[in-house]
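Participant: Structure incoming, see below.
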Amino acid sequence: MSDLESRLTQALDDGAQHAPSARSLAEGARSRARSRRRSRTAGAVAAAALVVGVPTAVVLVGGSNGDPSRDPAHNRVATDPTASTDATQGSVPLKLGYHWESWHDVTVQVPDTWQYGGLSDWCANGGALTPRIQRPETVSEAIGCEPGSTYGISFQQIDNTDDFQWPTVAQSGSAWPDDNVVGGRGIGGVLIMVAAPKADLDQALYIQSTMRAIGPAGDPNGCQSRYTPDSASPPEGGLSICRYDGTGALEQSEVLFGQDAGDAVRALQAAPEPGACADASQGSQPHEVVALQSAGISARVDLVDGCARVTVDGHVRELTSDVLYWALSPGWSGSVPDGVSLPSELRKE
Amino acid sequence: MGRAPAPDFDGWVAARGPALLRLAYTLTGNAADAEDVVQEALARALPRWNRISRVEDVDAYVRRMVINANTSWWRKFRRRESPVELVRDETVVGPGEEFDDKRRLWLACHALPESQRTAVVLRYYEQLEYAEIAALTGVREGSVRARVSRGLAALRVTMGENDE
């Protein structure tokens, strides 16, 4: 252990001695749990009222700082009268200028202009409140930006597996920009949140209305929420790219059309015979896998340490930088094994 | 011989609450957030205590809940829900302490990005192995190592020791 590490240990040990007293901790937790139960009940009643009530575009009430689902009667609540609370409801047409972003068992439409990255590192990346798309594994490099988050969308795994919807409301405090509306939806243990400027309320409401569970047929990009050898079923004329984490859960998906799809297929076909590693088995699971599938080609990239490879129509090939250029994306939040030939740049959206 | 009886909620909190609060305090850097994080975790655990109290390692289970509560966006969304007990202000720094090496390291640690800070605290305060941190935070071990390494590098810069 270095000198810095020793001093750090000592500093944390000493600092921890200033922690607050644990007196009444159990009572406090009990009281909070009771309050939570009351809130859930109130929220459920309010949500039901919004569904069956008059389709009011915006409900204006007071201004509370709390969880927007806690007491809608005292919040400034904007609701989308067309939004369904059935998170498993079927397909939604893709709006022009949007694409589908998926994570695990959920999917949502996101504007094409939004970039990948952490919501909390905006101040270290040019200082503009540019909307971002954040997944739980997104690496955030910044320190202490205030407000704490920029606009955009985030996925988060939560304990609550209920389906619920938070109204899109203005939030005060330093967590978001002063000019904001923030909404969210919980679907089967995943919380998707969207934040936008007030002027873009319609956009936030639209995004929220597209949040839904991925059904047995897969997401709109043609990807199943868990990896199987037949994970992809691409839309007509498209090349589905389905990226899975080491547990087999869908991390990200995409569908290419036209020139992009053609270039990706050509990169797969041009991959040479493998060098040292020609392991075609999947015995080295778990590892990250990218499935690429179109009507004419089926490929799987195995991101295995020491044996990264791509299997194209059953034939093991070398994982080239050209293949990775298409297989990964600027938003890939997983890792890449050592020794893989990386492309000189990642694609721009 | 049968298993030891499952601990009751109040008894377990009385015994383990102080350690949880110390962990939360090192993660958050202030008393109000530490109380909020621990209360949040315990309030979630309470309705399921019958089940949680029977897991093999209750301490690790609840500790994980505390860490999740700290990193939870959901908690931040709800952050303005004050802890039920009186919220205390952050510990007042005494005269001369501002430039104390430990104090500077403490502050520098809490200026790290959340993911790095969490990894650093679990490594150097809780003294956990990388694999244990990975299991606790649901992050790959390689990522944990990278976060700790970046965190230490940032601390070296802040402390003016980047030539080390």
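Chain labels follow the order of the structure tokens: the first chain is A, the next B, and so on; residue numbering restarts at 1 in every chain, and ligands are counted from 1 in their shown order.
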I need the chain B residues near chain A as a list of chain:residue names; criterion: at most 6 Å, counting only C-alpha atoms.

Facilitator: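 Going by the stated atoms only, the list reads B:Asp10, B:Gly17, B:Pro18, B:Arg22, B:Tyr25, B:Thr26, B:Ala31, B:Gln39, B:Leu42, B:Ala43, B:Arg78, B:Arg80, B:Val84, B:Lys102, B:Trp106, B:Leu112, B:Pro113, B:Tyr124, B:Tyr125.
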
Participant: Identify, with DSSP run on backbone atoms, the residues in stretch 204-311 of chain A assigned to strand (DSSP E), and express the list as a VMD selection string.

Facilitator: chain A and resid 212 to 213 239 to 244 250 to 256 288 to 293 298 to 303 309 to 311

Participant: Between A:Asp313, A:Asp263, A:Asp202, A:Glu288, which is the closest to A:Arg243 once you count only C-alpha atoms?

Facilitator: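 Between A:Asp313, A:Asp263, A:Asp202, A:Glu288, the residue approaching A:Arg243 most closely is A:Glu288.
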
Participant: Atom CA of B:Ala34 and atom CA of B:Ala119, how far apart in Å?

Facilitator: 16.9 Å

Participant: I want to know what sits within 7 Å of stretch 92-101 of chain A, based on only C-alpha atoms, with residues of the same chain fewer than 6 positions away left out; could you give that as a list in words?

Facilitator: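 Selected residues are Thr107, Val108, Gln109, Val110, Pro111, Asp112, Thr210, Pro220, Asn221, Gln252 and Ser253 of chain A.
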
Participant: Using N, CA, C and O atoms, can you export the residues from the last selection as an mmCIF file, in the first residue's frame?

Facilitator:
```cif
data_model
loop_
_atom_site.group_PDB
_atom_site.id
_atom_site.type_symbol
_atom_site.label_atom_id
_atom_site.label_comp_id
_atom_site.auth_asym_id
_atom_site.auth_seq_id
_atom_site.Cartn_x
_atom_site.Cartn_y
_atom_site.Cartn_z
ATOM 1 N N THR A 107 -37.672 -0.375 -23.450
ATOM 2 C CA THR A 107 -37.261 0.366 -24.643
ATOM 3 C C THR A 107 -38.010 1.692 -24.690
ATOM 4 O O THR A 107 -39.098 1.813 -24.110
ATOM 5 N N VAL A 108 -37.420 2.662 -25.362
ATOM 6 C CA VAL A 108 -37.997 4.007 -25.388
ATOM 7 C C VAL A 108 -37.483 4.735 -26.626
ATOM 8 O O VAL A 108 -36.370 4.488 -27.082
ATOM 9 N N GLN A 109 -38.291 5.634 -27.160
ATOM 10 C CA GLN A 109 -37.845 6.447 -28.295
ATOM 11 C C GLN A 109 -37.054 7.656 -27.794
ATOM 12 O O GLN A 109 -37.476 8.313 -26.829
ATOM 13 N N VAL A 110 -35.942 7.931 -28.480
ATOM 14 C CA VAL A 110 -35.053 9.016 -28.083
ATOM 15 C C VAL A 110 -34.704 9.833 -29.329
ATOM 16 O O VAL A 110 -34.467 9.256 -30.395
ATOM 17 N N PRO A 111 -34.648 11.161 -29.218
ATOM 18 C CA PRO A 111 -34.281 11.971 -30.385
ATOM 19 C C PRO A 111 -32.894 11.596 -30.909
ATOM 20 O O PRO A 111 -31.974 11.343 -30.127
ATOM 21 N N ASP A 112 -32.743 11.591 -32.230
ATOM 22 C CA ASP A 112 -31.459 11.224 -32.836
ATOM 23 C C ASP A 112 -30.341 12.196 -32.455
ATOM 24 O O ASP A 112 -29.163 11.838 -32.517
ATOM 25 N N THR A 210 -43.604 6.734 -24.868
ATOM 26 C CA THR A 210 -43.092 5.589 -25.646
ATOM 27 C C THR A 210 -42.371 4.568 -24.771
ATOM 28 O O THR A 210 -41.934 3.539 -25.264
ATOM 29 N N PRO A 220 -38.149 -2.957 -30.878
ATOM 30 C CA PRO A 220 -38.389 -2.513 -32.264
ATOM 31 C C PRO A 220 -37.144 -2.559 -33.146
ATOM 32 O O PRO A 220 -37.260 -2.463 -34.367
ATOM 33 N N ASN A 221 -35.967 -2.674 -32.532
ATOM 34 C CA ASN A 221 -34.746 -2.831 -33.335
ATOM 35 C C ASN A 221 -34.510 -4.286 -33.718
ATOM 36 O O ASN A 221 -33.512 -4.604 -34.364
ATOM 37 N N GLN A 252 -27.831 -2.734 -25.206
ATOM 38 C CA GLN A 252 -28.085 -1.684 -26.190
ATOM 39 C C GLN A 252 -28.496 -2.358 -27.499
ATOM 40 O O GLN A 252 -28.068 -3.489 -27.769
ATOM 41 N N SER A 253 -29.293 -1.701 -28.295
ATOM 42 C CA SER A 253 -29.653 -2.267 -29.592
ATOM 43 C C SER A 253 -29.740 -1.157 -30.630
ATOM 44 O O SER A 253 -29.814 0.025 -30.288
#
```

Participant: Atom CA of A:Phe164 to atom CA of A:Arg185: how many Å, to one decimal?

Facilitator: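 Rounded to one decimal, the two atoms are 5.7 Å apart.
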
Participant: Neighbouring residues of stretch 135-149 of chain B were defined as those with any atom within 6 Å, considering only C-alpha atoms; residues of the same chain fewer than 2 positions away were excluded. Please report them as number ranges by chain.

Facilitator: B: 64, 116, 119-120, 131-133, 151-152

Participant: For N, CA, C and O atoms, I'd like the residues from the last selection saved as a short mmCIF file (atom, residue, chain, number, x, y, z; two decimals), in the first residue's frame.

Facilitator:
```
data_model
loop_
_atom_site.label_atom_id
_atom_site.label_comp_id
_atom_site.auth_asym_id
_atom_site.auth_seq_id
_atom_site.Cartn_x
_atom_site.Cartn_y
_atom_site.Cartn_z
N ARG B 64 -25.27 -3.62 0.95
CA ARG B 64 -25.48 -3.43 -0.49
C ARG B 64 -26.67 -2.48 -0.73
O ARG B 64 -26.63 -1.65 -1.63
N GLN B 116 -16.29 6.51 -8.76
CA GLN B 116 -14.93 6.37 -8.25
C GLN B 116 -14.90 6.46 -6.73
O GLN B 116 -14.21 5.71 -6.05
N ALA B 119 -16.07 3.23 -5.15
CA ALA B 119 -15.05 2.18 -5.23
C ALA B 119 -13.91 2.45 -4.26
O ALA B 119 -13.42 1.54 -3.58
N VAL B 120 -13.49 3.71 -4.18
CA VAL B 120 -12.38 4.07 -3.29
C VAL B 120 -12.76 3.85 -1.83
O VAL B 120 -11.99 3.30 -1.04
N ALA B 131 -12.82 -8.03 -5.96
CA ALA B 131 -13.91 -8.95 -6.32
C ALA B 131 -15.12 -8.72 -5.41
O ALA B 131 -16.28 -8.80 -5.87
N GLU B 132 -14.87 -8.44 -4.15
CA GLU B 132 -15.99 -8.17 -3.23
C GLU B 132 -16.70 -6.88 -3.61
O GLU B 132 -17.93 -6.79 -3.56
N ILE B 133 -15.93 -5.88 -4.00
CA ILE B 133 -16.54 -4.61 -4.41
C ILE B 133 -17.37 -4.83 -5.68
O ILE B 133 -18.48 -4.30 -5.82
N GLY B 151 -9.50 7.08 -9.36
CA GLY B 151 -9.75 7.85 -8.15
C GLY B 151 -8.46 8.22 -7.46
O GLY B 151 -8.26 9.38 -7.06
N LEU B 152 -7.56 7.26 -7.34
CA LEU B 152 -6.27 7.54 -6.69
C LEU B 152 -5.48 8.54 -7.51
O LEU B 152 -4.82 9.43 -6.94
#
```

Participant: Can you list, as a PyMOL selection string, every protein, DNA or RNA residue that comes within 10 Å of B:Thr158 when you count only C-alpha atoms, leaving out same-chain residues fewer than 3 positions away?

Facilitator: chain B and resi 104-105+107-109+111+152-155+161-162

Participant: With distances taken over only C-alpha atoms, which of B:Ile67, B:Arg103, B:Val58, B:Ala6 is nearest to B:Leu21?

Facilitator: B:Ile67

Participant: With only C-alpha atoms as the basis for distance, which of A:Gly215, A:Ala128, A:His287, A:Ala267 is at the shortest distance from A:Ala249?

Facilitator: A:His287

Participant: How many Å lie between atom CA of A:Gly296 and atom CA of A:Asp322, rounded to one decimal?

Facilitator: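 Rounded to one decimal, the two atoms are 18.8 Å apart.
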
Participant: Please provide as a PyMOL selection string all residues within 8 Å of A:Ser233, with the sequence filter that same-chain residues fewer than 6 positions apart are discarded (counting only C-alpha atoms).

Facilitator: chain A and resi 218+222-223+240+293-294

Participant: Go ahead and dump the residues you just picked, N, CA, C and O atoms, as a PDB file, in the first residue's frame.

Facilitator:
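Listed below is the output, again10.pdb:
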```
ATOM      1  N   GLY A 218     -39.390  -9.204 -29.020  1.00  0.00           N
ATOM      2  CA  GLY A 218     -38.185  -8.398 -29.071  1.00  0.00           C
ATOM      3  C   GLY A 218     -38.490  -6.910 -29.153  1.00  0.00           C
ATOM      4  O   GLY A 218     -39.652  -6.502 -29.200  1.00  0.00           O
ATOM      5  N   GLY A 222     -35.390  -5.174 -33.262  1.00  0.00           N
ATOM      6  CA  GLY A 222     -35.273  -6.585 -33.612  1.00  0.00           C
ATOM      7  C   GLY A 222     -34.475  -7.411 -32.623  1.00  0.00           C
ATOM      8  O   GLY A 222     -34.002  -8.499 -32.977  1.00  0.00           O
ATOM      9  N   CYS A 223     -34.307  -6.914 -31.398  1.00  0.00           N
ATOM     10  CA  CYS A 223     -33.462  -7.616 -30.429  1.00  0.00           C
ATOM     11  C   CYS A 223     -34.264  -8.133 -29.242  1.00  0.00           C
ATOM     12  O   CYS A 223     -35.147  -7.436 -28.718  1.00  0.00           O
ATOM     13  N   SER A 240     -30.080  -5.790 -37.685  1.00  0.00           N
ATOM     14  CA  SER A 240     -30.181  -5.577 -36.236  1.00  0.00           C
ATOM     15  C   SER A 240     -28.821  -5.787 -35.591  1.00  0.00           C
ATOM     16  O   SER A 240     -28.106  -6.724 -35.933  1.00  0.00           O
ATOM     17  N   GLN A 293     -27.610  -9.280 -37.302  1.00  0.00           N
ATOM     18  CA  GLN A 293     -28.460 -10.153 -38.117  1.00  0.00           C
ATOM     19  C   GLN A 293     -29.254  -9.346 -39.134  1.00  0.00           C
ATOM     20  O   GLN A 293     -29.869  -8.321 -38.812  1.00  0.00           O
ATOM     21  N   SER A 294     -29.219  -9.825 -40.363  1.00  0.00           N
ATOM     22  CA  SER A 294     -30.109  -9.299 -41.394  1.00  0.00           C
ATOM     23  C   SER A 294     -30.701 -10.491 -42.125  1.00  0.00           C
ATOM     24  O   SER A 294     -30.408 -11.641 -41.782  1.00  0.00           O
TER      25      SER A 294
END
```

Participant: Can you tell me which residues surround A:Ile214 at a distance of at most 7 Å, considering only C-alpha atoms, apart from same-chain residues fewer than 6 positions away, and format the answer as number ranges by chain?

Facilitator: A: 105-107, 225
